[in-house]
Amino acid sequence: MVERRKHPTTRGFDDSMAGKRAECDGGGQLPGMKFGVRHEFAGVLTGDYIDHGDPPWRWFLMRDLYLKPDGWAQDEVWCESQMVWLVEE
């Protein structure tokens, strides 16, 4: 039996990111396939984040999406921090 280790998870809030318009790339699996594809998102960062693992891997929550892939039912997405680009207003 393989032992599964739970990676540490930390939730937090970053005031400097809250309310910023941003774009991010995310991945998703195609139904019925083993492979994922890149999706583009644009919306407003909430400032909420989750750090996973050691070393930490940060993800920011984006809501009020005004760009999302066809069929994306949610109005929010978690974006990996290195794939987030702030948009000038």
# chains A, B, ... in the order shown; residues from 1 in each chain; ligands from 1
>>> select_by_dssp(residues="chain A", states="strand (DSSP E)", output="JSON, numbers by chain")
{"A": [9, 10, 11, 12, 13, 21, 22, 23, 24, 25, 26, 27, 28, 29, 36, 37, 38, 39, 40, 41, 42, 43, 44, 45, 46, 47, 48, 49, 50, 51, 52, 57, 58, 59, 60, 61, 62, 63, 64, 65, 66, 67, 76, 77, 78, 79, 80, 84, 85, 86]}
>>> write_last_selection(atoms="N, CA and C atoms", output="tab-separated table (two decimals), in the first residue's frame")
chain	number	residue	atom	x	y	z
A	9	THR	N	-1.50	23.09	3.68
A	9	THR	CA	-2.32	24.10	3.00
A	9	THR	C	-2.53	25.27	3.95
A	10	THR	N	-2.28	26.47	3.44
A	10	THR	CA	-2.47	27.68	4.22
A	10	THR	C	-3.36	28.63	3.44
A	11	ARG	N	-4.41	29.12	4.09
A	11	ARG	CA	-5.28	30.13	3.48
A	11	ARG	C	-4.86	31.50	3.99
A	12	GLY	N	-5.04	32.51	3.12
A	12	GLY	CA	-4.69	33.86	3.53
A	12	GLY	C	-5.37	34.90	2.66
A	13	PHE	N	-5.03	36.15	2.92
A	13	PHE	CA	-5.60	37.27	2.19
A	13	PHE	C	-4.49	38.26	1.91
A	21	ARG	N	-8.13	44.01	-11.38
A	21	ARG	CA	-8.51	43.30	-12.60
A	21	ARG	C	-7.29	42.53	-13.08
A	22	ALA	N	-7.52	41.30	-13.53
A	22	ALA	CA	-6.40	40.45	-13.93
A	22	ALA	C	-6.83	39.45	-14.99
A	23	GLU	N	-5.84	38.88	-15.62
A	23	GLU	CA	-6.03	37.77	-16.55
A	23	GLU	C	-5.19	36.61	-16.05
A	24	CYS	N	-5.63	35.39	-16.35
A	24	CYS	CA	-4.81	34.23	-15.99
A	24	CYS	C	-5.08	33.11	-16.98
A	25	ASP	N	-4.09	32.24	-17.09
A	25	ASP	CA	-4.22	31.02	-17.87
A	25	ASP	C	-4.44	29.88	-16.90
A	26	GLY	N	-5.33	29.00	-17.26
A	26	GLY	CA	-5.58	27.84	-16.42
A	26	GLY	C	-5.72	26.62	-17.29
A	27	GLY	N	-5.67	25.48	-16.67
A	27	GLY	CA	-5.79	24.23	-17.41
A	27	GLY	C	-7.04	23.49	-17.02
A	28	GLY	N	-7.48	22.66	-17.90
A	28	GLY	CA	-8.65	21.84	-17.62
A	28	GLY	C	-8.65	20.62	-18.50
A	29	GLN	N	-9.19	19.54	-17.99
A	29	GLN	CA	-9.23	18.31	-18.75
A	29	GLN	C	-10.44	18.34	-19.68
A	36	GLY	N	-5.26	17.74	-20.88
A	36	GLY	CA	-5.86	19.02	-20.55
A	36	GLY	C	-5.59	20.04	-21.64
A	37	VAL	N	-6.25	21.16	-21.53
A	37	VAL	CA	-6.05	22.27	-22.46
A	37	VAL	C	-5.88	23.55	-21.66
A	38	ARG	N	-5.35	24.56	-22.31
A	38	ARG	CA	-5.19	25.87	-21.70
A	38	ARG	C	-6.47	26.67	-21.90
A	39	HIS	N	-6.89	27.34	-20.84
A	39	HIS	CA	-8.05	28.23	-20.90
A	39	HIS	C	-7.62	29.62	-20.47
A	40	GLU	N	-8.26	30.64	-21.03
A	40	GLU	CA	-7.99	32.02	-20.63
A	40	GLU	C	-9.15	32.52	-19.78
A	41	PHE	N	-8.81	33.24	-18.72
A	41	PHE	CA	-9.79	33.84	-17.83
A	41	PHE	C	-9.42	35.30	-17.60
A	42	ALA	N	-10.42	36.12	-17.36
A	42	ALA	CA	-10.21	37.51	-16.94
A	42	ALA	C	-11.32	37.86	-15.97
A	43	GLY	N	-10.96	38.58	-14.92
A	43	GLY	CA	-11.93	38.95	-13.91
A	43	GLY	C	-11.29	39.82	-12.85
A	44	VAL	N	-11.80	39.73	-11.64
A	44	VAL	CA	-11.34	40.55	-10.53
A	44	VAL	C	-10.82	39.65	-9.40
A	45	LEU	N	-9.58	39.90	-8.96
A	45	LEU	CA	-9.00	39.13	-7.87
A	45	LEU	C	-9.66	39.53	-6.55
A	46	THR	N	-9.92	38.55	-5.71
A	46	THR	CA	-10.56	38.82	-4.42
A	46	THR	C	-9.55	39.16	-3.34
A	47	GLY	N	-8.30	38.75	-3.53
A	47	GLY	CA	-7.28	38.88	-2.50
A	47	GLY	C	-7.09	37.58	-1.74
A	48	ASP	N	-8.09	36.68	-1.81
A	48	ASP	CA	-7.98	35.38	-1.15
A	48	ASP	C	-6.95	34.52	-1.88
A	49	TYR	N	-6.16	33.78	-1.09
A	49	TYR	CA	-5.22	32.84	-1.70
A	49	TYR	C	-5.13	31.57	-0.87
A	50	ILE	N	-4.60	30.55	-1.52
A	50	ILE	CA	-4.29	29.28	-0.86
A	50	ILE	C	-2.87	28.93	-1.26
A	51	ASP	N	-2.05	28.58	-0.27
A	51	ASP	CA	-0.71	28.05	-0.52
A	51	ASP	C	-0.77	26.55	-0.30
A	52	HIS	N	-0.29	25.79	-1.29
A	52	HIS	CA	-0.24	24.32	-1.20
A	52	HIS	C	1.20	23.88	-1.22
A	57	TRP	N	2.99	26.72	-3.07
A	57	TRP	CA	2.57	26.98	-4.44
A	57	TRP	C	1.29	27.79	-4.31
A	58	ARG	N	1.32	29.10	-4.61
A	58	ARG	CA	0.22	30.02	-4.32
A	58	ARG	C	-0.80	30.08	-5.47
A	59	TRP	N	-2.09	30.08	-5.06
A	59	TRP	CA	-3.22	30.20	-5.98
A	59	TRP	C	-4.11	31.35	-5.50
A	60	PHE	N	-4.48	32.26	-6.42
A	60	PHE	CA	-5.37	33.38	-6.10
A	60	PHE	C	-6.77	33.11	-6.64
A	61	LEU	N	-7.77	33.57	-5.91
A	61	LEU	CA	-9.16	33.42	-6.34
A	61	LEU	C	-9.57	34.62	-7.18
A	62	MET	N	-10.13	34.35	-8.37
A	62	MET	CA	-10.64	35.38	-9.28
A	62	MET	C	-12.14	35.18	-9.43
A	63	ARG	N	-12.89	36.28	-9.33
A	63	ARG	CA	-14.34	36.24	-9.49
A	63	ARG	C	-14.78	37.26	-10.54
A	64	ASP	N	-16.10	37.36	-10.70
A	64	ASP	CA	-16.69	38.31	-11.66
A	64	ASP	C	-16.01	38.18	-13.02
A	65	LEU	N	-15.94	36.94	-13.49
A	65	LEU	CA	-15.25	36.65	-14.75
A	65	LEU	C	-15.96	37.30	-15.93
A	66	TYR	N	-15.21	38.05	-16.71
A	66	TYR	CA	-15.75	38.60	-17.95
A	66	TYR	C	-15.13	37.94	-19.17
A	67	LEU	N	-14.20	37.02	-18.93
A	67	LEU	CA	-13.67	36.15	-19.98
A	67	LEU	C	-13.47	34.78	-19.36
A	76	GLU	N	-16.13	31.95	-10.96
A	76	GLU	CA	-14.86	32.11	-10.25
A	76	GLU	C	-13.91	31.02	-10.68
A	77	VAL	N	-12.61	31.28	-10.44
A	77	VAL	CA	-11.57	30.31	-10.78
A	77	VAL	C	-10.37	30.57	-9.88
A	78	TRP	N	-9.64	29.52	-9.53
A	78	TRP	CA	-8.38	29.66	-8.81
A	78	TRP	C	-7.27	29.73	-9.84
A	79	CYS	N	-6.40	30.74	-9.73
A	79	CYS	CA	-5.32	30.97	-10.69
A	79	CYS	C	-3.97	30.81	-10.01
A	80	GLU	N	-3.10	30.03	-10.61
A	80	GLU	CA	-1.75	29.86	-10.08
A	80	GLU	C	-1.02	31.21	-10.19
A	84	VAL	N	-0.78	34.76	-13.39
A	84	VAL	CA	-1.68	35.90	-13.21
A	84	VAL	C	-1.00	37.16	-13.72
A	85	TRP	N	-1.71	37.91	-14.57
A	85	TRP	CA	-1.23	39.18	-15.09
A	85	TRP	C	-2.23	40.27	-14.73
A	86	LEU	N	-1.77	41.30	-14.03
A	86	LEU	CA	-2.65	42.41	-13.67
A	86	LEU	C	-2.93	43.24	-14.91
>>> residues_around(residues="Gly53 (chain A)", least_positions_apart="3", cutoff="6 Å", atoms="only C-alpha atoms", output="ChimeraX atom specification")
/A:7-8,56
>>> atom_distance(atom1="CA of Met17 (chain A)", atom2="CA of Glu88 (chain A)")
13.0 Å
>>> atom_distance(atom1="CA of Ser16 (chain A)", atom2="CA of Asp75 (chain A)")
21.8 Å
>>> decode(residues="chain A", atoms="C-alpha atoms", output="PDB file, in the first residue's frame")
ATOM      1  CA  MET A   1       0.000   0.000   0.000  1.00  0.00           C
ATOM      2  CA  VAL A   2       1.299   3.442  -0.937  1.00  0.00           C
ATOM      3  CA  GLU A   3       1.250   5.994   1.864  1.00  0.00           C
ATOM      4  CA  ARG A   4      -0.308   9.289   0.811  1.00  0.00           C
ATOM      5  CA  ARG A   5       1.055  12.396   2.470  1.00  0.00           C
ATOM      6  CA  LYS A   6      -1.133  15.413   2.828  1.00  0.00           C
ATOM      7  CA  HIS A   7       0.574  18.579   1.647  1.00  0.00           C
ATOM      8  CA  PRO A   8       0.341  21.560   3.973  1.00  0.00           C
ATOM      9  CA  THR A   9      -2.322  24.103   3.001  1.00  0.00           C
ATOM     10  CA  THR A  10      -2.473  27.684   4.219  1.00  0.00           C
ATOM     11  CA  ARG A  11      -5.275  30.128   3.479  1.00  0.00           C
ATOM     12  CA  GLY A  12      -4.687  33.862   3.530  1.00  0.00           C
ATOM     13  CA  PHE A  13      -5.601  37.272   2.186  1.00  0.00           C
ATOM     14  CA  ASP A  14      -3.366  39.668   0.228  1.00  0.00           C
ATOM     15  CA  ASP A  15      -4.659  43.270   0.412  1.00  0.00           C
ATOM     16  CA  SER A  16      -2.401  44.315  -2.472  1.00  0.00           C
ATOM     17  CA  MET A  17      -4.230  41.941  -4.875  1.00  0.00           C
ATOM     18  CA  ALA A  18      -7.823  42.541  -3.708  1.00  0.00           C
ATOM     19  CA  GLY A  19     -10.012  44.239  -6.308  1.00  0.00           C
ATOM     20  CA  LYS A  20      -7.396  44.153  -9.089  1.00  0.00           C
ATOM     21  CA  ARG A  21      -8.511  43.297 -12.599  1.00  0.00           C
ATOM     22  CA  ALA A  22      -6.397  40.455 -13.935  1.00  0.00           C
ATOM     23  CA  GLU A  23      -6.029  37.770 -16.552  1.00  0.00           C
ATOM     24  CA  CYS A  24      -4.810  34.229 -15.989  1.00  0.00           C
ATOM     25  CA  ASP A  25      -4.225  31.015 -17.874  1.00  0.00           C
ATOM     26  CA  GLY A  26      -5.582  27.838 -16.422  1.00  0.00           C
ATOM     27  CA  GLY A  27      -5.788  24.233 -17.409  1.00  0.00           C
ATOM     28  CA  GLY A  28      -8.648  21.838 -17.616  1.00  0.00           C
ATOM     29  CA  GLN A  29      -9.235  18.309 -18.751  1.00  0.00           C
ATOM     30  CA  LEU A  30     -11.352  17.721 -21.825  1.00  0.00           C
ATOM     31  CA  PRO A  31     -14.310  15.426 -21.148  1.00  0.00           C
ATOM     32  CA  GLY A  32     -13.489  11.841 -22.043  1.00  0.00           C
ATOM     33  CA  MET A  33      -9.796  12.588 -22.636  1.00  0.00           C
ATOM     34  CA  LYS A  34      -6.615  12.127 -20.614  1.00  0.00           C
ATOM     35  CA  PHE A  35      -5.219  15.474 -21.690  1.00  0.00           C
ATOM     36  CA  GLY A  36      -5.862  19.022 -20.553  1.00  0.00           C
ATOM     37  CA  VAL A  37      -6.054  22.265 -22.464  1.00  0.00           C
ATOM     38  CA  ARG A  38      -5.195  25.869 -21.695  1.00  0.00           C
ATOM     39  CA  HIS A  39      -8.048  28.228 -20.903  1.00  0.00           C
ATOM     40  CA  GLU A  40      -7.993  32.016 -20.626  1.00  0.00           C
ATOM     41  CA  PHE A  41      -9.792  33.841 -17.830  1.00  0.00           C
ATOM     42  CA  ALA A  42     -10.206  37.507 -16.937  1.00  0.00           C
ATOM     43  CA  GLY A  43     -11.935  38.952 -13.907  1.00  0.00           C
ATOM     44  CA  VAL A  44     -11.336  40.555 -10.527  1.00  0.00           C
ATOM     45  CA  LEU A  45      -9.004  39.128  -7.869  1.00  0.00           C
ATOM     46  CA  THR A  46     -10.560  38.823  -4.423  1.00  0.00           C
ATOM     47  CA  GLY A  47      -7.278  38.880  -2.497  1.00  0.00           C
ATOM     48  CA  ASP A  48      -7.980  35.378  -1.148  1.00  0.00           C
ATOM     49  CA  TYR A  49      -5.218  32.842  -1.695  1.00  0.00           C
ATOM     50  CA  ILE A  50      -4.290  29.282  -0.859  1.00  0.00           C
ATOM     51  CA  ASP A  51      -0.706  28.050  -0.523  1.00  0.00           C
ATOM     52  CA  HIS A  52      -0.244  24.323  -1.200  1.00  0.00           C
ATOM     53  CA  GLY A  53       2.791  22.186  -0.548  1.00  0.00           C
ATOM     54  CA  ASP A  54       6.319  22.704   0.637  1.00  0.00           C
ATOM     55  CA  PRO A  55       7.679  24.901  -0.823  1.00  0.00           C
ATOM     56  CA  PRO A  56       4.347  26.713  -1.111  1.00  0.00           C
ATOM     57  CA  TRP A  57       2.575  26.979  -4.440  1.00  0.00           C
ATOM     58  CA  ARG A  58       0.216  30.025  -4.322  1.00  0.00           C
ATOM     59  CA  TRP A  59      -3.217  30.204  -5.978  1.00  0.00           C
ATOM     60  CA  PHE A  60      -5.366  33.382  -6.102  1.00  0.00           C
ATOM     61  CA  LEU A  61      -9.160  33.423  -6.339  1.00  0.00           C
ATOM     62  CA  MET A  62     -10.637  35.383  -9.277  1.00  0.00           C
ATOM     63  CA  ARG A  63     -14.344  36.244  -9.491  1.00  0.00           C
ATOM     64  CA  ASP A  64     -16.686  38.315 -11.662  1.00  0.00           C
ATOM     65  CA  LEU A  65     -15.247  36.650 -14.749  1.00  0.00           C
ATOM     66  CA  TYR A  66     -15.754  38.600 -17.952  1.00  0.00           C
ATOM     67  CA  LEU A  67     -13.665  36.153 -19.976  1.00  0.00           C
ATOM     68  CA  LYS A  68     -13.974  32.395 -19.487  1.00  0.00           C
ATOM     69  CA  PRO A  69     -14.142  29.308 -21.713  1.00  0.00           C
ATOM     70  CA  ASP A  70     -17.423  28.229 -23.244  1.00  0.00           C
ATOM     71  CA  GLY A  71     -19.203  25.893 -20.883  1.00  0.00           C
ATOM     72  CA  TRP A  72     -17.425  27.169 -17.734  1.00  0.00           C
ATOM     73  CA  ALA A  73     -20.361  27.180 -15.304  1.00  0.00           C
ATOM     74  CA  GLN A  74     -18.725  28.959 -12.360  1.00  0.00           C
ATOM     75  CA  ASP A  75     -18.164  32.702 -12.033  1.00  0.00           C
ATOM     76  CA  GLU A  76     -14.860  32.112 -10.251  1.00  0.00           C
ATOM     77  CA  VAL A  77     -11.574  30.306 -10.780  1.00  0.00           C
ATOM     78  CA  TRP A  78      -8.380  29.661  -8.808  1.00  0.00           C
ATOM     79  CA  CYS A  79      -5.324  30.973 -10.694  1.00  0.00           C
ATOM     80  CA  GLU A  80      -1.750  29.864 -10.076  1.00  0.00           C
ATOM     81  CA  SER A  81       0.196  32.983  -9.037  1.00  0.00           C
ATOM     82  CA  GLN A  82       2.819  32.751 -11.795  1.00  0.00           C
ATOM     83  CA  MET A  83       0.049  32.686 -14.417  1.00  0.00           C
ATOM     84  CA  VAL A  84      -1.676  35.899 -13.209  1.00  0.00           C
ATOM     85  CA  TRP A  85      -1.234  39.181 -15.087  1.00  0.00           C
ATOM     86  CA  LEU A  86      -2.648  42.406 -13.672  1.00  0.00           C
ATOM     87  CA  VAL A  87      -4.605  44.537 -16.158  1.00  0.00           C
ATOM     88  CA  GLU A  88      -4.154  48.308 -16.228  1.00  0.00           C
ATOM     89  CA  GLU A  89      -7.385  50.177 -15.604  1.00  0.00           C
TER      90      GLU A  89
END
